[in-house]
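Dropping structure.txt in here (compact mmCIF, C-alpha atoms):
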# COMPACT_ATOMS: atom_id res chain seq x y z
CA MET K 1 -41.59 100.39 -60.34
CA ASN K 2 -38.43 102.43 -59.93
CA GLY K 3 -35.44 100.20 -60.69
CA LEU K 4 -33.26 101.16 -57.72
CA ALA K 5 -36.16 100.99 -55.28
CA ALA K 6 -37.15 97.57 -56.62
CA GLN K 7 -33.63 96.23 -56.15
CA GLU K 8 -33.44 97.51 -52.59
CA LYS K 9 -36.77 95.88 -51.74
CA SER K 10 -35.99 92.53 -53.34
CA ILE K 11 -33.19 91.49 -50.95
CA HIS K 12 -32.26 92.02 -47.32
CA VAL K 13 -28.91 91.73 -45.57
CA ASP K 14 -28.52 91.12 -41.82
CA ARG K 15 -24.95 92.02 -40.86
CA PRO K 16 -24.10 91.82 -37.14
CA ALA K 17 -21.50 94.09 -35.57
CA ASN K 18 -19.42 91.00 -34.72
CA ALA K 19 -19.66 89.54 -38.25
CA GLY K 20 -17.56 86.40 -38.55
CA PRO K 21 -16.40 84.44 -41.61
CA VAL K 22 -19.78 82.80 -42.33
CA VAL K 23 -22.24 84.15 -44.88
CA VAL K 24 -25.68 82.54 -45.11
CA SER K 25 -27.64 82.66 -48.36
CA VAL K 26 -31.43 82.17 -48.35
CA PRO K 27 -32.49 82.54 -52.00
CA HIS K 28 -35.85 80.75 -52.19
CA ALA K 29 -37.88 81.80 -49.14
CA GLY K 30 -39.06 85.19 -50.44
CA ARG K 31 -42.78 85.85 -50.02
CA ILE K 32 -43.20 89.18 -51.85
CA TYR K 33 -44.98 88.98 -55.21
CA PRO K 34 -44.61 92.23 -57.18
CA PRO K 35 -47.81 93.39 -58.89
CA GLU K 36 -46.15 93.04 -62.32
CA LEU K 37 -45.58 89.36 -61.60
CA LEU K 38 -49.12 88.59 -60.51
CA ALA K 39 -50.52 90.47 -63.50
CA ALA K 40 -48.52 88.22 -65.84
CA ALA K 41 -49.51 84.97 -64.12
CA ARG K 42 -51.89 82.42 -65.62
CA VAL K 43 -52.27 80.71 -62.22
CA ASP K 44 -53.32 81.94 -58.79
CA LYS K 45 -50.79 83.03 -56.19
CA PRO K 46 -51.08 79.78 -54.14
CA VAL K 47 -49.76 77.89 -57.16
CA LEU K 48 -46.77 80.22 -57.44
CA GLU K 49 -46.15 79.74 -53.71
CA ARG K 50 -45.43 76.08 -54.36
CA LEU K 51 -42.06 77.21 -55.74
CA GLU K 52 -41.02 78.64 -52.37
CA ASP K 53 -38.70 77.05 -49.85
CA ARG K 54 -41.58 77.74 -47.56
CA TRP K 55 -40.59 79.69 -44.40
CA CYS K 56 -37.04 78.32 -44.36
CA ASP K 57 -35.72 81.82 -43.65
CA LEU K 58 -37.01 81.28 -40.09
CA ILE K 59 -34.38 78.58 -39.66
CA ALA K 60 -31.74 81.27 -40.14
CA ALA K 61 -33.36 83.58 -37.57
CA GLU K 62 -30.55 83.13 -35.01
CA ALA K 63 -27.69 82.98 -37.51
CA SER K 64 -26.84 86.69 -37.23
CA ALA K 65 -26.62 86.43 -33.45
CA ALA K 66 -24.14 83.59 -34.06
CA GLY K 67 -22.01 85.96 -36.17
CA ALA K 68 -23.19 85.20 -39.69
CA VAL K 69 -24.09 87.73 -42.36
CA VAL K 70 -27.45 86.61 -43.76
CA VAL K 71 -28.43 87.52 -47.33
CA ARG K 72 -32.11 86.82 -48.06
CA ALA K 73 -34.18 87.19 -51.20
CA LEU K 74 -37.42 88.93 -50.21
CA TRP K 75 -39.06 88.58 -53.60
CA ALA K 76 -40.53 85.22 -54.46
CA ARG K 77 -38.69 82.54 -56.42
CA ALA K 78 -41.39 82.91 -59.08
CA VAL K 79 -39.70 86.18 -60.13
CA ALA K 80 -36.31 84.57 -60.76
CA ASP K 81 -34.48 81.59 -59.36
CA CYS K 82 -31.23 82.85 -57.84
CA ASN K 83 -29.91 79.27 -57.73
CA ARG K 84 -29.90 79.04 -61.54
CA GLY K 85 -27.57 80.75 -63.97
CA GLU K 86 -28.78 83.34 -66.48
CA GLY K 87 -28.30 80.82 -69.28
CA GLN K 88 -30.37 78.10 -67.64
CA MET K 89 -33.63 78.06 -69.62
CA ALA K 90 -35.22 75.65 -72.06
CA PRO K 91 -35.63 77.27 -75.51
CA ALA K 92 -39.31 76.30 -75.66
CA GLU K 93 -39.99 78.38 -72.54
CA VAL K 94 -38.93 81.72 -74.05
CA ALA K 95 -39.99 83.86 -77.02
CA PRO K 96 -38.63 82.65 -80.39
CA ALA K 97 -36.19 85.55 -80.75
CA MET K 98 -34.45 84.49 -77.50
CA ARG K 99 -34.14 80.77 -78.19
CA PRO K 100 -30.61 80.77 -79.71
CA ARG K 101 -29.29 81.91 -76.30
CA PHE K 102 -30.39 78.67 -74.60
CA THR K 103 -28.96 75.69 -76.42
CA ALA K 104 -28.21 73.04 -73.80
CA PRO K 105 -31.05 72.82 -71.27
CA GLY K 106 -30.77 70.29 -68.46
CA ARG K 107 -33.51 68.18 -66.89
CA LYS K 108 -34.71 70.94 -64.54
CA GLU K 109 -34.78 73.56 -67.27
CA ARG K 110 -36.79 71.24 -69.55
CA ALA K 111 -39.22 70.78 -66.66
CA GLY K 112 -39.76 74.55 -66.51
CA LEU K 113 -37.48 75.17 -63.52
CA GLY K 114 -34.91 77.43 -65.15
CA VAL K 115 -33.71 80.85 -64.03
CA VAL K 116 -37.28 81.99 -64.71
CA PRO K 117 -39.66 79.28 -63.48
CA THR K 118 -42.30 78.65 -66.14
CA ARG K 119 -44.11 75.46 -65.12
CA ILE K 120 -44.99 73.44 -62.04
CA ALA K 121 -46.01 69.80 -62.09
CA GLY K 122 -49.79 69.50 -62.12
CA ALA K 123 -50.37 73.19 -62.85
CA GLY K 124 -49.12 73.65 -66.42
CA PRO K 125 -47.68 76.96 -67.65
CA LEU K 126 -47.37 79.67 -65.01
CA TRP K 127 -47.51 82.70 -67.31
CA THR K 128 -50.02 83.95 -69.83
CA ARG K 129 -47.33 83.96 -72.54
CA THR K 130 -43.79 82.76 -73.08
CA VAL K 131 -41.07 84.81 -71.40
CA ASP K 132 -39.99 87.66 -73.68
CA GLU K 133 -36.83 89.77 -73.57
CA ALA K 134 -38.34 92.60 -71.53
CA SER K 135 -39.77 90.26 -68.88
CA PHE K 136 -36.57 88.24 -68.71
CA GLU K 137 -34.37 91.31 -68.21
CA TRP K 138 -36.76 92.83 -65.66
CA ARG K 139 -36.53 89.68 -63.54
CA LEU K 140 -32.76 89.50 -63.74
CA THR K 141 -32.25 93.22 -63.13
CA HIS K 142 -34.52 93.47 -60.11
CA LEU K 143 -33.73 90.22 -58.27
CA HIS K 144 -31.19 87.80 -59.72
CA ARG K 145 -28.26 90.14 -60.40
CA PRO K 146 -28.64 92.27 -57.24
CA TYR K 147 -28.80 89.10 -55.15
CA HIS K 148 -25.59 87.66 -56.56
CA ARG K 149 -23.86 91.02 -56.40
CA ARG K 150 -24.65 91.49 -52.70
CA LEU K 151 -23.80 87.89 -51.91
CA ALA K 152 -20.42 88.22 -53.62
CA GLU K 153 -19.73 91.49 -51.79
CA GLU K 154 -20.51 90.00 -48.39
CA ILE K 155 -18.45 86.86 -49.06
CA GLU K 156 -15.46 88.92 -50.16
CA ALA K 157 -15.81 91.21 -47.14
CA ALA K 158 -15.84 88.16 -44.85
CA ARG K 159 -12.78 86.74 -46.58
CA ARG K 160 -10.91 90.03 -46.19
CA ARG K 161 -11.86 90.29 -42.51
CA HIS K 162 -10.91 86.75 -41.55
CA GLY K 163 -8.65 85.38 -44.27
CA ARG K 164 -11.23 82.75 -45.21
CA ALA K 165 -15.00 82.80 -45.79
CA ILE K 166 -17.69 80.13 -45.55
CA LEU K 167 -20.93 80.26 -47.50
CA ILE K 168 -23.91 78.21 -46.30
CA ASP K 169 -26.69 78.16 -48.89
CA LEU K 170 -29.91 77.31 -47.02
CA HIS K 171 -32.89 75.59 -48.67
CA SER K 172 -35.82 73.37 -47.82
CA MET K 173 -37.16 70.40 -49.77
CA PRO K 174 -40.24 68.21 -50.01
CA PRO K 175 -39.79 64.64 -48.74
CA ILE K 176 -37.53 62.76 -51.16
CA ALA K 177 -39.65 60.37 -53.19
CA ARG K 178 -39.20 56.61 -52.98
CA GLY K 179 -36.81 55.43 -55.67
CA GLN K 180 -35.01 58.77 -55.84
CA PRO K 181 -31.36 58.96 -54.66
CA GLY K 182 -31.30 60.04 -51.04
CA HIS K 183 -34.79 58.70 -50.30
CA GLY K 184 -35.50 58.91 -46.59
CA ALA K 185 -32.95 61.62 -45.85
CA GLN K 186 -34.31 64.56 -43.90
CA ILE K 187 -31.25 66.74 -44.41
CA VAL K 188 -29.02 66.78 -47.50
CA VAL K 189 -25.60 68.41 -47.43
CA GLY K 190 -24.28 69.35 -50.88
CA ASP K 191 -20.68 70.20 -51.70
CA HIS K 192 -20.61 69.61 -55.47
CA PHE K 193 -19.03 66.22 -54.76
CA GLY K 194 -16.17 67.80 -52.87
CA GLU K 195 -15.49 70.64 -55.29
CA SER K 196 -17.05 73.60 -53.46
CA CYS K 197 -15.39 73.30 -50.04
CA VAL K 198 -12.62 71.75 -48.00
CA PRO K 199 -13.61 68.30 -46.65
CA TRP K 200 -13.92 69.24 -42.98
CA LEU K 201 -16.77 71.66 -43.67
CA SER K 202 -19.14 69.17 -45.27
CA ASP K 203 -18.08 66.56 -42.69
CA LEU K 204 -18.96 69.03 -39.94
CA ALA K 205 -22.37 69.79 -41.45
CA ILE K 206 -23.18 66.09 -41.84
CA ASP K 207 -22.06 65.31 -38.30
CA MET K 208 -24.14 68.13 -36.81
CA ALA K 209 -27.16 67.25 -38.97
CA ALA K 210 -27.01 63.66 -37.71
CA ARG K 211 -27.35 64.99 -34.15
CA LEU K 212 -30.91 66.01 -34.99
CA GLY K 213 -31.75 62.31 -35.06
CA GLY K 214 -32.85 61.82 -38.66
CA PRO K 215 -31.20 60.37 -41.77
CA VAL K 216 -28.67 62.59 -43.55
CA ALA K 217 -27.37 62.34 -47.13
CA ARG K 218 -24.43 63.91 -48.94
CA ASN K 219 -25.01 65.26 -52.48
CA GLN K 220 -28.00 62.98 -53.13
CA PRO K 221 -30.22 64.17 -54.67
CA TYR K 222 -29.00 67.77 -54.20
CA ALA K 223 -25.29 68.42 -54.72
CA GLY K 224 -25.67 72.20 -54.85
CA GLY K 225 -26.71 74.52 -57.64
CA HIS K 226 -25.63 77.74 -59.29
CA ILE K 227 -24.86 79.54 -56.02
CA LEU K 228 -22.24 76.99 -54.98
CA HIS K 229 -20.90 76.77 -58.53
CA VAL K 230 -20.38 80.54 -58.77
CA HIS K 231 -19.38 81.49 -55.24
CA GLY K 232 -17.62 78.41 -53.86
CA ARG K 233 -13.89 78.87 -54.47
CA PRO K 234 -11.88 76.81 -51.95
CA GLN K 235 -8.64 77.67 -53.74
CA ARG K 236 -9.37 81.35 -53.01
CA GLY K 237 -10.35 80.72 -49.41
CA ILE K 238 -14.11 80.59 -49.99
CA ASP K 239 -15.79 77.32 -49.00
CA ALA K 240 -19.46 76.71 -49.78
CA ILE K 241 -22.04 74.10 -48.84
CA GLN K 242 -25.74 73.74 -49.52
CA ILE K 243 -28.13 72.57 -46.80
CA GLU K 244 -31.54 71.13 -47.75
CA ILE K 245 -34.00 70.52 -44.90
CA ASP K 246 -37.16 68.42 -45.23
CA ARG K 247 -40.12 70.77 -44.76
CA SER K 248 -41.94 68.15 -42.68
CA LEU K 249 -39.37 68.86 -39.95
CA TYR K 250 -40.69 72.37 -39.34
CA LEU K 251 -44.02 72.91 -41.15
CA THR K 252 -47.49 71.76 -40.17
CA ALA K 253 -49.77 69.87 -42.56
CA ALA K 254 -51.17 73.29 -43.53
CA ARG K 255 -47.64 74.39 -44.57
CA GLN K 256 -47.36 76.84 -41.68
CA PRO K 257 -44.43 77.08 -39.27
CA ASP K 258 -44.45 74.73 -36.29
CA GLU K 259 -43.15 77.10 -33.64
CA ALA K 260 -41.35 74.52 -31.52
CA GLN K 261 -39.74 72.75 -34.46
CA VAL K 262 -38.66 76.01 -36.09
CA ALA K 263 -37.03 77.08 -32.81
CA ARG K 264 -35.22 73.72 -32.57
CA LEU K 265 -33.84 74.01 -36.10
CA ALA K 266 -32.92 77.67 -35.64
CA ARG K 267 -30.83 76.76 -32.59
CA TRP K 268 -29.23 73.91 -34.52
CA PHE K 269 -28.42 76.12 -37.49
CA ALA K 270 -26.93 78.83 -35.27
CA ALA K 271 -24.71 76.17 -33.68
CA LEU K 272 -23.60 75.08 -37.16
CA VAL K 273 -22.72 78.70 -37.99
CA LEU K 274 -20.65 79.00 -34.80
CA GLU K 275 -18.73 75.76 -35.41
CA ALA K 276 -18.13 76.53 -39.08
CA GLY K 277 -16.87 80.00 -38.17
CA ARG K 278 -14.46 78.57 -35.61
CA GLY K 279 -13.21 76.08 -38.17
CA ALA K 280 -12.58 78.83 -40.71
CA GLN K 281 -10.59 80.83 -38.19
CA TYR K 282 -8.54 77.85 -36.99
CA GLY K 283 -8.01 76.52 -40.51
CA THR K 284 -9.09 73.05 -39.49
CA GLU K 285 -12.09 71.15 -38.16
CA PRO K 286 -13.18 72.57 -34.79
CA LEU K 287 -12.81 70.31 -31.76
CA ALA K 288 -16.53 70.41 -30.99
CA ALA K 289 -17.23 68.42 -34.15
CA GLU K 290 -15.02 65.49 -33.13

Using the file provided, produce a representation of the structure as structure tokens.
Amino acid sequence: MNGLAAQEKSIHVDRPANAGPVVVSVPHAGRIYPPELLAAARVDKPVLERLEDRWCDLIAAEASAAGAVVVRALWARAVADCNRGEGQMAPAEVAPAMRPRFTAPGRKERAGLGVVPTRIAGAGPLWTRTVDEASFEWRLTHLHRPYHRRLAEEIEAARRRHGRAILIDLHSMPPIARGQPGHGAQIVVGDHFGESCVPWLSDLAIDMAARLGGPVARNQPYAGGHILHVHGRPQRGIDAIQIEIDRSLYLTAARQPDEAQVARLARWFAALVLEAGRGAQYGTEPLAAE
């Protein structure tokens, strides 16, 4: 596949004419599986689809109309996880020649959920062989790096237009297991324990999430990943939060979109975009959140 063409097809940017200070990132809802990926897989496509934040891009469907720039990964998370850094791999998951590059894997990386996903619980290894240099670079070149480059460009453009930018990194999650921090929460707002944004932004998101009627948690069990770590810079006028939404709120038992529930969440998310944008422009928490 031609490199430039592949990069253009792996992400999509919705930029409205009235673009405000909010940029929405949707890194895990891609549903395109390049032929090279499927040819290298040891498992069937439905297994790889378990990595997806299934259909959560639909929740951002009205965000552009609310003034947000929306950056979406079109290629599947199985290609590369844009919410992990390039150094986030367990050594055992890559070819021997690459192992010195990955010396301090965390819990997720050891579980096979590094920048290149390699295992899923109950399915075993995803690929017919360990990830080699060529495969690793192909994945980064055609999805991971272009995604972060475009996201950074749109955030900086928003900051230049409005003096401050807000990044909302949108994800979905399975129900939080009993005994896990945050159990019972249907929406989790992550702000890296206060490091990735000014306080009013995460307070606003939590307040608006509570209006949906379900339990809400802050930073437990998801405080935000690589995207917040790299792009959230409150001291430079760039505030970032991560939103995780329980998939049972908008998917049927067959893991398909529930039209009414998707529409409800899309309206809610667009309202969050509007209020966050107003807050960025006023430099304080908008009155509607009081």

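The coordinates place atom CA of K:Val23 at 22.7 Å from atom CA of K:Thr141.
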
Worksheet item: Near K:Phe193, counting all atoms listed in the file, which residues have an atom at most 10 Å away, once you skip same-chain residues fewer than 5 positions from it, shown as a list in words?
Response: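 My reading of the contact set: Pro199, Ser202, Arg218, Asn219, Gln220, Ala223 and Gly224 of chain K.
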
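Distance-wise, atom CA of K:Met173 and atom CA of K:Leu51 end up 10.3 Å apart.
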
Worksheet item: K:Leu38, K:Asp258, K:Val69, K:Asp14: which is nearest K:Glu156, counting all atoms listed in the file?
Response: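 Between K:Leu38, K:Asp258, K:Val69, K:Asp14, the residue approaching K:Glu156 most closely is K:Val69.
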
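Near (-41.0, 62.6, -50.4), the residues that fall inside 10 Å on the basis of all atoms listed in the file are K:Met173, K:Pro174, K:Pro175, K:Ile176, K:Ala177, K:Arg178, K:Gly179, K:Gln180, K:His183, K:Gly184, K:Ala185, K:Gln186, K:Asp246, K:Arg247, K:Ser248.
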
Fill in: Proximity to K:Asn18 - best of K:Ala41, K:Ala97, K:Ala60, K:Ala66, all atoms listed in the file
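Residue with the minimum atom-to-atom distance to K:Asn18: K:Ala66.
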
Discussion item. Using only C-alpha atoms for the distances, tell me which of K:Val131, K:Ile32, K:Leu167, K:Arg145 is nearest to K:Leu201.
Written reply: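 Of the candidates, the smallest distance to K:Leu201 is held by K:Leu167.
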
Discussion item. List the spatial neighbours of K:Glu109 as an MDAnalysis selection string - criterion: any atom at most 10 Å away, all atoms listed in the file, same-chain residues fewer than 6 positions off excluded.
Written reply: chainID K and resid 84 87:93 102 115:119

Worksheet item: If you measure from atom CA of K:Leu212 to atom CA of K:Asp53, what distance in Å do you get, rounded to one decimal?
Response: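 Between atom CA of K:Leu212 and atom CA of K:Asp53 the gap works out to 20.1 Å.
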
Could you work out an axis-aligned box for stretch 143-154 of chain K, taking every atom the file lists and adding 6 Å on each side, and report centre and edge lengths in Å to one decimal, as lines of an AutoDock Vina configuration file?
center_x = -26.7
center_y = 90.0
center_z = -54.4
size_x = 26.0
size_y = 16.6
size_z = 24.0

Discussion item. Let me make sure I understand: among K:Glu133, K:Arg110, K:Val24, K:Leu126, which one has the smallest atom-to-atom distance to K:Lys45 if we use only C-alpha atoms?
Written reply: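 Looking only at the distances to K:Lys45, the closest residue turns out to be K:Leu126.
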
Item to complete: Select all residues near (-32.1, 86.2, -62.2) (cut-off 9 Å, inclusive, file coordinates), counting only C-alpha atoms, and output them as a list of chain:residue names.
Response: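 The distance filter leaves exactly K:Val79, K:Ala80, K:Asp81, K:Cys82, K:Asn83, K:Arg84, K:Gly85, K:Glu86, K:Val115, K:Val116, K:Phe136, K:Glu137, K:Trp138, K:Arg139, K:Leu140, K:Thr141, K:His142, K:Leu143, K:His144, K:Arg145, K:Pro146, K:Tyr147, K:His148.
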
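You can rank K:Arg255, K:Ser172, K:Glu275, K:Ala165 by their closest distance to K:Ala205 using all atoms listed in the file, and at the top of that list sits K:Glu275.
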
Practice prompt. Compare K:Arg54, K:Trp200, K:Leu228, K:Ala78 by their minimum atom-to-atom distance to K:Tyr282, counting all atoms listed in the file, and give me the closest one.
Written response: K:Trp200

Practice prompt. Can you pull out every residue within 10 Å of K:Tyr33, counting all atoms listed in the file, but drop anything in the same chain fewer than 6 positions away, and send it as number ranges by chain?
Written response: K: 10, 45, 48-49, 74-79
